[in-house]
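The next block is entry-v1.json, given as JSON, C-alpha atoms (C1' of nucleotides).
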```json
[["chain", "number", "residue", "atom", "x", "y", "z"],
["A", 1, "MET", "CA", -20.74, -54.83, -50.70],
["A", 2, "ASP", "CA", -23.82, -52.82, -51.72],
["A", 3, "GLY", "CA", -24.07, -51.32, -48.26],
["A", 4, "LYS", "CA", -22.94, -48.11, -49.93],
["A", 5, "ILE", "CA", -25.89, -48.29, -52.28],
["A", 6, "TYR", "CA", -28.37, -48.58, -49.43],
["A", 7, "GLU", "CA", -26.71, -45.65, -47.71],
["A", 8, "ALA", "CA", -26.93, -43.52, -50.83],
["A", 9, "GLN", "CA", -30.59, -44.40, -51.28],
["A", 10, "ALA", "CA", -31.25, -43.61, -47.63],
["A", 11, "LYS", "CA", -29.62, -40.20, -48.02],
["A", 12, "TYR", "CA", -31.87, -39.43, -50.97],
["A", 13, "PHE", "CA", -34.95, -40.34, -48.96],
["A", 14, "LYS", "CA", -33.74, -38.35, -45.98],
["A", 15, "ALA", "CA", -33.50, -35.29, -48.21],
["A", 16, "LEU", "CA", -37.20, -35.71, -49.02],
["A", 17, "SER", "CA", -38.27, -36.52, -45.46],
["A", 18, "HIS", "CA", -39.43, -33.02, -44.60],
["A", 19, "PRO", "CA", -42.63, -31.40, -45.89],
["A", 20, "THR", "CA", -40.94, -28.07, -46.56],
["A", 21, "ARG", "CA", -38.34, -29.74, -48.75],
["A", 22, "ILE", "CA", -41.04, -31.49, -50.76],
["A", 23, "LYS", "CA", -42.83, -28.17, -51.17],
["A", 24, "ILE", "CA", -39.61, -26.64, -52.47],
["A", 25, "VAL", "CA", -39.19, -29.36, -55.09],
["A", 26, "GLU", "CA", -42.79, -28.92, -56.21],
["A", 27, "TYR", "CA", -42.37, -25.15, -56.37],
["A", 28, "LEU", "CA", -39.36, -25.60, -58.64],
["A", 29, "ARG", "CA", -41.18, -28.03, -60.91],
["A", 30, "LYS", "CA", -41.45, -25.65, -63.86],
["A", 31, "ASN", "CA", -38.84, -22.97, -63.35],
["A", 32, "GLU", "CA", -35.72, -22.21, -61.44],
["A", 33, "MET", "CA", -36.24, -19.74, -58.63],
["A", 34, "CYS", "CA", -33.99, -17.66, -56.44],
["A", 35, "VAL", "CA", -34.06, -17.99, -52.67],
["A", 36, "CYS", "CA", -35.71, -14.61, -52.38],
["A", 37, "GLU", "CA", -38.72, -15.93, -54.30],
["A", 38, "ILE", "CA", -38.88, -19.29, -52.55],
["A", 39, "PHE", "CA", -38.86, -18.33, -48.91],
["A", 40, "PRO", "CA", -41.68, -15.76, -49.03],
["A", 41, "HIS", "CA", -43.81, -18.21, -51.02],
["A", 42, "LEU", "CA", -43.39, -20.83, -48.33],
["A", 43, "GLY", "CA", -43.70, -18.38, -45.47],
["A", 44, "GLU", "CA", -40.58, -19.61, -43.73],
["A", 45, "GLU", "CA", -37.46, -17.89, -42.48],
["A", 46, "GLN", "CA", -34.83, -17.26, -45.10],
["A", 47, "SER", "CA", -32.12, -19.04, -43.12],
["A", 48, "ASN", "CA", -34.39, -22.01, -42.78],
["A", 49, "ILE", "CA", -35.05, -22.28, -46.50],
["A", 50, "SER", "CA", -31.39, -21.79, -47.24],
["A", 51, "ARG", "CA", -30.52, -24.86, -45.19],
["A", 52, "HIS", "CA", -33.31, -26.93, -46.74],
["A", 53, "LEU", "CA", -32.05, -25.97, -50.19],
["A", 54, "ALA", "CA", -28.52, -26.96, -49.22],
["A", 55, "ALA", "CA", -29.79, -30.36, -48.06],
["A", 56, "LEU", "CA", -31.58, -30.98, -51.36],
["A", 57, "LYS", "CA", -28.52, -29.91, -53.29],
["A", 58, "ARG", "CA", -26.27, -32.21, -51.25],
["A", 59, "ALA", "CA", -28.52, -35.10, -52.21],
["A", 60, "GLY", "CA", -28.19, -34.19, -55.88],
["A", 61, "ILE", "CA", -31.88, -33.37, -56.23],
["A", 62, "LEU", "CA", -31.33, -29.66, -56.85],
["A", 63, "SER", "CA", -28.55, -27.64, -58.41],
["A", 64, "SER", "CA", -27.87, -23.93, -58.24],
["A", 65, "ARG", "CA", -26.30, -21.10, -60.17],
["A", 66, "LYS", "CA", -25.40, -17.65, -59.12],
["A", 67, "LYS", "CA", -26.70, -14.60, -60.94],
["A", 68, "GLY", "CA", -25.61, -11.32, -59.49],
["A", 69, "VAL", "CA", -26.40, -11.33, -55.83],
["A", 70, "SER", "CA", -29.08, -13.99, -56.23],
["A", 71, "VAL", "CA", -28.79, -17.76, -56.26],
["A", 72, "TYR", "CA", -31.17, -19.67, -58.50],
["A", 73, "TYR", "CA", -32.06, -23.25, -57.62],
["A", 74, "ARG", "CA", -33.52, -25.75, -60.00],
["A", 75, "VAL", "CA", -34.38, -29.43, -60.06],
["A", 76, "GLN", "CA", -31.38, -31.47, -61.14],
["A", 77, "ASP", "CA", -32.96, -34.94, -60.88],
["A", 78, "GLU", "CA", -36.14, -34.94, -62.93],
["A", 79, "ASN", "CA", -36.83, -38.45, -61.65],
["A", 80, "VAL", "CA", -37.80, -36.92, -58.35],
["A", 81, "PHE", "CA", -41.21, -36.08, -59.78],
["A", 82, "LYS", "CA", -41.88, -39.73, -60.59],
["A", 83, "VAL", "CA", -40.83, -40.64, -57.07],
["A", 84, "LEU", "CA", -43.11, -38.00, -55.60],
["A", 85, "GLU", "CA", -45.97, -39.11, -57.83],
["A", 86, "LEU", "CA", -45.70, -42.74, -56.74],
["A", 87, "VAL", "CA", -45.68, -41.79, -53.09],
["A", 88, "LEU", "CA", -48.50, -39.32, -53.60],
["A", 89, "SER", "CA", -50.75, -41.97, -55.11],
["A", 90, "PHE", "CA", -49.99, -44.33, -52.24],
["A", 91, "VAL", "CA", -50.70, -41.66, -49.66],
["A", 92, "LYS", "CA", -53.98, -40.78, -51.34],
["A", 93, "LYS", "CA", -55.01, -44.42, -51.53],
["A", 94, "VAL", "CA", -54.39, -44.87, -47.82],
["A", 95, "ALA", "CA", -56.33, -41.70, -47.03],
["A", 96, "LYS", "CA", -59.22, -42.92, -49.15],
["A", 97, "GLU", "CA", -59.27, -46.29, -47.39],
["A", 98, "LYS", "CA", -59.18, -44.59, -44.03],
["A", 99, "ALA", "CA", -62.14, -42.41, -45.05],
["A", 100, "ALA", "CA", -64.05, -45.47, -46.27],
["A", 101, "ILE", "CA", -63.67, -47.17, -42.90],
["A", 102, "LEU", "CA", -65.17, -44.18, -41.15],
["A", 103, "SER", "CA", -68.27, -44.12, -43.36],
["B", 1, "MET", "CA", -54.80, -27.20, -47.71],
["B", 2, "ASP", "CA", -52.57, -29.96, -49.01],
["B", 3, "GLY", "CA", -50.10, -29.43, -46.22],
["B", 4, "LYS", "CA", -51.33, -32.77, -44.92],
["B", 5, "ILE", "CA", -50.36, -34.39, -48.19],
["B", 6, "TYR", "CA", -46.80, -33.10, -47.96],
["B", 7, "GLU", "CA", -46.59, -34.31, -44.39],
["B", 8, "ALA", "CA", -47.80, -37.76, -45.35],
["B", 9, "GLN", "CA", -45.30, -37.95, -48.19],
["B", 10, "ALA", "CA", -42.53, -36.78, -45.86],
["B", 11, "LYS", "CA", -43.43, -39.53, -43.39],
["B", 12, "TYR", "CA", -43.18, -42.11, -46.11],
["B", 13, "PHE", "CA", -39.73, -40.88, -47.10],
["B", 14, "LYS", "CA", -38.63, -40.74, -43.49],
["B", 15, "ALA", "CA", -39.51, -44.40, -43.14],
["B", 16, "LEU", "CA", -37.11, -45.18, -45.98],
["B", 17, "SER", "CA", -34.38, -42.82, -44.79],
["B", 18, "HIS", "CA", -32.31, -45.50, -43.07],
["B", 19, "PRO", "CA", -30.20, -48.13, -44.86],
["B", 20, "THR", "CA", -31.32, -50.91, -42.54],
["B", 21, "ARG", "CA", -34.95, -50.20, -43.32],
["B", 22, "ILE", "CA", -34.27, -50.31, -47.03],
["B", 23, "LYS", "CA", -32.48, -53.63, -46.54],
["B", 24, "ILE", "CA", -35.50, -54.96, -44.71],
["B", 25, "VAL", "CA", -37.83, -54.02, -47.56],
["B", 26, "GLU", "CA", -35.53, -55.67, -50.08],
["B", 27, "TYR", "CA", -35.28, -58.79, -47.94],
["B", 28, "LEU", "CA", -39.05, -59.04, -47.89],
["B", 29, "ARG", "CA", -39.35, -58.57, -51.63],
["B", 30, "LYS", "CA", -40.40, -62.13, -52.37],
["B", 31, "ASN", "CA", -41.70, -63.61, -49.14],
["B", 32, "GLU", "CA", -42.98, -62.63, -45.78],
["B", 33, "MET", "CA", -40.51, -63.29, -42.98],
["B", 34, "CYS", "CA", -40.65, -63.43, -39.23],
["B", 35, "VAL", "CA", -38.51, -61.19, -37.07],
["B", 36, "CYS", "CA", -36.40, -64.15, -36.03],
["B", 37, "GLU", "CA", -35.34, -64.64, -39.65],
["B", 38, "ILE", "CA", -34.82, -60.96, -40.42],
["B", 39, "PHE", "CA", -32.59, -59.83, -37.62],
["B", 40, "PRO", "CA", -29.93, -62.55, -37.93],
["B", 41, "HIS", "CA", -29.83, -62.00, -41.69],
["B", 42, "LEU", "CA", -29.07, -58.30, -41.19],
["B", 43, "GLY", "CA", -26.74, -58.90, -38.27],
["B", 44, "GLU", "CA", -28.47, -56.39, -36.05],
["B", 45, "GLU", "CA", -29.93, -56.57, -32.58],
["B", 46, "GLN", "CA", -33.42, -57.95, -32.39],
["B", 47, "SER", "CA", -34.77, -54.92, -30.54],
["B", 48, "ASN", "CA", -33.32, -52.68, -33.19],
["B", 49, "ILE", "CA", -34.93, -54.55, -36.05],
["B", 50, "SER", "CA", -38.19, -54.66, -34.16],
["B", 51, "ARG", "CA", -38.25, -50.88, -34.02],
["B", 52, "HIS", "CA", -37.31, -50.50, -37.67],
["B", 53, "LEU", "CA", -40.11, -52.87, -38.61],
["B", 54, "ALA", "CA", -42.53, -50.88, -36.51],
["B", 55, "ALA", "CA", -41.49, -47.69, -38.31],
["B", 56, "LEU", "CA", -42.07, -49.26, -41.73],
["B", 57, "LYS", "CA", -45.42, -50.58, -40.62],
["B", 58, "ARG", "CA", -46.47, -47.18, -39.27],
["B", 59, "ALA", "CA", -45.75, -45.73, -42.70],
["B", 60, "GLY", "CA", -47.95, -48.36, -44.33],
["B", 61, "ILE", "CA", -45.07, -49.90, -46.23],
["B", 62, "LEU", "CA", -45.19, -53.21, -44.33],
["B", 63, "SER", "CA", -47.93, -55.18, -42.65],
["B", 64, "SER", "CA", -47.70, -58.03, -40.19],
["B", 65, "ARG", "CA", -49.55, -61.07, -39.01],
["B", 66, "LYS", "CA", -49.05, -63.20, -35.98],
["B", 67, "LYS", "CA", -48.49, -66.93, -36.27],
["B", 68, "GLY", "CA", -47.93, -68.67, -32.99],
["B", 69, "VAL", "CA", -45.26, -66.86, -31.14],
["B", 70, "SER", "CA", -43.81, -65.42, -34.32],
["B", 71, "VAL", "CA", -44.73, -62.24, -36.19],
["B", 72, "TYR", "CA", -44.45, -62.30, -39.96],
["B", 73, "TYR", "CA", -43.87, -59.06, -41.82],
["B", 74, "ARG", "CA", -44.53, -58.52, -45.48],
["B", 75, "VAL", "CA", -44.55, -55.67, -47.97],
["B", 76, "GLN", "CA", -47.93, -53.98, -48.04],
["B", 77, "ASP", "CA", -47.16, -51.29, -50.60],
["B", 78, "GLU", "CA", -45.77, -52.96, -53.70],
["B", 79, "ASN", "CA", -45.15, -49.49, -55.15],
["B", 80, "VAL", "CA", -42.21, -49.21, -52.81],
["B", 81, "PHE", "CA", -40.15, -51.29, -55.22],
["B", 82, "LYS", "CA", -40.75, -48.84, -58.04],
["B", 83, "VAL", "CA", -39.73, -46.01, -55.73],
["B", 84, "LEU", "CA", -36.58, -47.86, -54.70],
["B", 85, "GLU", "CA", -35.78, -48.65, -58.32],
["B", 86, "LEU", "CA", -36.05, -45.00, -59.39],
["B", 87, "VAL", "CA", -33.78, -43.86, -56.60],
["B", 88, "LEU", "CA", -31.38, -46.71, -57.23],
["B", 89, "SER", "CA", -30.93, -45.72, -60.86],
["B", 90, "PHE", "CA", -30.34, -42.11, -59.87],
["B", 91, "VAL", "CA", -27.79, -43.07, -57.24],
["B", 92, "LYS", "CA", -25.96, -45.30, -59.72],
["B", 93, "LYS", "CA", -25.94, -42.58, -62.34],
["B", 94, "VAL", "CA", -24.40, -40.12, -59.89],
["B", 95, "ALA", "CA", -21.79, -42.68, -58.83],
["B", 96, "LYS", "CA", -20.91, -43.32, -62.46],
["B", 97, "GLU", "CA", -20.52, -39.61, -63.14],
["B", 98, "LYS", "CA", -18.34, -39.21, -60.09],
["B", 99, "ALA", "CA", -16.16, -42.10, -61.28],
["B", 100, "ALA", "CA", -15.90, -40.55, -64.75],
["B", 101, "ILE", "CA", -14.61, -37.28, -63.30],
["B", 102, "LEU", "CA", -11.84, -39.11, -61.49],
["B", 103, "SER", "CA", -10.62, -40.86, -64.61],
["C", 1, "DT", "C1'", -16.94, 4.70, -50.43],
["C", 2, "DG", "C1'", -21.00, 3.70, -48.14],
["C", 3, "DC", "C1'", -25.67, 1.65, -48.28],
["C", 4, "DT", "C1'", -28.71, -2.10, -49.58],
["C", 5, "DT", "C1'", -30.04, -6.59, -50.97],
["C", 6, "DT", "C1'", -29.38, -11.46, -51.07],
["C", 7, "DT", "C1'", -27.68, -15.73, -49.32],
["C", 8, "DA", "C1'", -25.11, -18.67, -46.21],
["C", 9, "DT", "C1'", -23.53, -19.83, -41.75],
["C", 10, "DG", "C1'", -22.21, -19.68, -36.55],
["C", 11, "DG", "C1'", -24.34, -20.27, -32.03],
["C", 12, "DT", "C1'", -27.99, -21.86, -29.15],
["C", 13, "DT", "C1'", -31.75, -24.74, -27.87],
["C", 14, "DA", "C1'", -35.43, -28.17, -28.14],
["C", 15, "DA", "C1'", -36.89, -32.25, -30.09],
["C", 16, "DA", "C1'", -36.33, -36.48, -32.64],
["C", 17, "DT", "C1'", -33.58, -40.63, -33.81],
["C", 18, "DA", "C1'", -30.93, -44.65, -33.19],
["C", 19, "DC", "C1'", -28.60, -47.72, -30.50],
["C", 20, "DT", "C1'", -27.82, -50.83, -26.34],
["C", 21, "DC", "C1'", -29.20, -53.53, -22.47],
["C", 22, "DA", "C1'", -32.68, -55.41, -19.73],
["C", 23, "DT", "C1'", -37.18, -57.03, -19.23],
["C", 24, "DA", "C1'", -42.14, -57.59, -20.00],
["C", 25, "DA", "C1'", -45.72, -60.00, -22.62],
["C", 26, "DA", "C1'", -47.53, -63.70, -25.19],
["C", 27, "DG", "C1'", -47.46, -68.20, -26.93],
["C", 28, "DT", "C1'", -45.48, -73.34, -27.00],
["C", 29, "DG", "C1'", -44.24, -77.41, -25.34],
["C", 30, "DT", "C1'", -43.02, -80.58, -21.19],
["D", 1, "DA", "C1'", -46.93, -74.79, -13.33],
["D", 2, "DC", "C1'", -42.37, -74.16, -15.49],
["D", 3, "DA", "C1'", -39.07, -73.34, -18.80],
["D", 4, "DC", "C1'", -38.17, -71.63, -23.43],
["D", 5, "DT", "C1'", -38.80, -68.89, -27.59],
["D", 6, "DT", "C1'", -40.19, -64.83, -29.90],
["D", 7, "DT", "C1'", -41.29, -60.06, -30.10],
["D", 8, "DA", "C1'", -42.08, -55.46, -28.25],
["D", 9, "DT", "C1'", -40.95, -51.87, -25.22],
["D", 10, "DG", "C1'", -38.92, -49.04, -21.15],
["D", 11, "DA", "C1'", -34.78, -46.58, -19.72],
["D", 12, "DG", "C1'", -30.53, -44.36, -20.67],
["D", 13, "DT", "C1'", -27.30, -42.14, -23.82],
["D", 14, "DA", "C1'", -25.24, -40.14, -27.87],
["D", 15, "DT", "C1'", -26.02, -38.19, -32.23],
["D", 16, "DT", "C1'", -28.69, -35.66, -35.53],
["D", 17, "DT", "C1'", -32.13, -32.48, -36.93],
["D", 18, "DA", "C1'", -34.64, -28.26, -37.11],
["D", 19, "DA", "C1'", -35.75, -23.88, -35.66],
["D", 20, "DC", "C1'", -34.53, -19.13, -34.37],
["D", 21, "DC", "C1'", -31.62, -15.01, -34.13],
["D", 22, "DA", "C1'", -27.79, -12.52, -35.44],
["D", 23, "DT", "C1'", -24.26, -11.65, -38.58],
["D", 24, "DA", "C1'", -20.80, -12.41, -42.16],
["D", 25, "DA", "C1'", -19.88, -12.52, -47.12],
["D", 26, "DA", "C1'", -20.71, -11.19, -51.79],
["D", 27, "DA", "C1'", -22.56, -8.30, -55.27],
["D", 28, "DG", "C1'", -24.96, -4.28, -57.06],
["D", 29, "DC", "C1'", -26.11, 0.65, -56.79],
["D", 30, "DA", "C1'", -26.08, 5.75, -55.31]]
```

I need this file expressed as structure tokens, please.
Amino acid sequence: MDGKIYEAQAKYFKALSHPTRIKIVEYLRKNEMCVCEIFPHLGEEQSNISRHLAALKRAGILSSRKKGVSVYYRVQDENVFKVLELVLSFVKKVAKEKAAILS
Amino acid sequence: MDGKIYEAQAKYFKALSHPTRIKIVEYLRKNEMCVCEIFPHLGEEQSNISRHLAALKRAGILSSRKKGVSVYYRVQDENVFKVLELVLSFVKKVAKEKAAILS
DNA sequence: TGCTTTTATGGTTAAATACTCATAAAGTGT
DNA sequence: ACACTTTATGAGTATTTAACCATAAAAGCA
């Protein structure tokens, strides 16, 4: 039964199915960041970002470490950038086609 | 503003965030299929599958054509298989690590 | 110890999602 | 015209998700 596999894949995609969570992953592309840096950058409530971070961590996409009172999150699955890149190129292609139709 | 880009990516991921929808994409890997072939194969209600197919089509992942009374769906974005493959390998890696811890 | 900063979480609410059953809509064949 | 097949969709319901506000928990500092 690979039903479990499909479920695990679906969970991964669900973790990425919110624009704010994608923004977080992109923001962490180069360095780890603490929550106190992430939430002002995205202009969202701290509690909000905290839950989005927890969702990404649950999916295995991010990991975290504590340093003093701060918690630093970083990308755990580097593959996520390939995934994002593939979807980005598709999305751009569709946008381009849509623009071509209107011209 | 690339907020629109993040939203479009999120929509794509949302379309794949359900195991049944991933199964559908895999089932259509080689050939187009009509709804009447898909829903018995997945053992789900026809109305259910119809909605899942609509969601995948809205995201641009599938397309459809009508032939007689039947509607044939096929994969429109071949990139989706690369995306699925990347996530599959990640999911398997995590499962393997989890198994190693328990041994 | 008391004050401050940082993060996570409980409670509430509104909206979205997924499922089921029933039925409408469209096309085929008799 | 009628019956049958195939697909999509309306209505109802239960579950999940996301946002906000307030606050608890943990750690550092005066």

If we count only C-alpha atoms (C1' of nucleotides) and set the cut-off at 7 Å, which residues sit around stretch 18-35 of chain A, ignoring sequence neighbours fewer than 4 positions away in its own chain? Please answer as number ranges by chain. A: 39, 52, 70-75; B: 6-7, 10

Please report as a PyMOL selection string which residues of chain B come no farther than 8 Å from chain C, using all atoms listed in the file. chain B and resi 48+68-69

Create the file for the chosen residues now, containing C-alpha atoms and written as an mmCIF file, in the coordinates of the input.
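And here's out.cif as it stands now:
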```
data_model
loop_
_atom_site.group_PDB
_atom_site.id
_atom_site.type_symbol
_atom_site.label_atom_id
_atom_site.label_comp_id
_atom_site.auth_asym_id
_atom_site.auth_seq_id
_atom_site.Cartn_x
_atom_site.Cartn_y
_atom_site.Cartn_z
ATOM 1 C CA ASN B 48 -33.320 -52.680 -33.190
ATOM 2 C CA GLY B 68 -47.930 -68.670 -32.990
ATOM 3 C CA VAL B 69 -45.260 -66.860 -31.140
#
```

Have a look at A:Lys11, A:Lys93, A:Lys67, A:Lys98 and name the one nearest to chain D; count only C-alpha atoms (C1' of nucleotides).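 The closest residue to chain D is A:Lys67.
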
Write out as a compact mmCIF listing (two decimals) with C-alpha atoms, in the frame of the given file each polymer residue whose atoms come within 10 Å of B:Gln76, counting all atoms listed in the file; drop sequence neighbours fewer than 2 positions from it.
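Wrote it out as selection14.txt, contents follow:
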```
# COMPACT_ATOMS: atom_id res chain seq x y z
CA LEU B 56 -42.07 -49.26 -41.73
CA LYS B 57 -45.42 -50.58 -40.62
CA GLY B 60 -47.95 -48.36 -44.33
CA ILE B 61 -45.07 -49.90 -46.23
CA LEU B 62 -45.19 -53.21 -44.33
CA SER B 63 -47.93 -55.18 -42.65
CA SER B 64 -47.70 -58.03 -40.19
CA TYR B 73 -43.87 -59.06 -41.82
CA ARG B 74 -44.53 -58.52 -45.48
CA GLU B 78 -45.77 -52.96 -53.70
CA ASN B 79 -45.15 -49.49 -55.15
CA VAL B 80 -42.21 -49.21 -52.81
```

From B:Arg58, B:Arg51, B:Arg65, B:Lys82, residue lying nearest chain D [all atoms listed in the file]: B:Arg51

State, in Å with one decimal place, the distance from atom CA of B:Glu97 to atom CA of A:Leu84.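 Between atom CA of B:Glu97 and atom CA of A:Leu84 the gap is 23.9 Å.
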
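For chain D, the residues close to chain B, meaning within 12 Å and counting all atoms listed in the file, are D:DC4, D:DT5, D:DT6, D:DT7, D:DA8, D:DT9, D:DG10.
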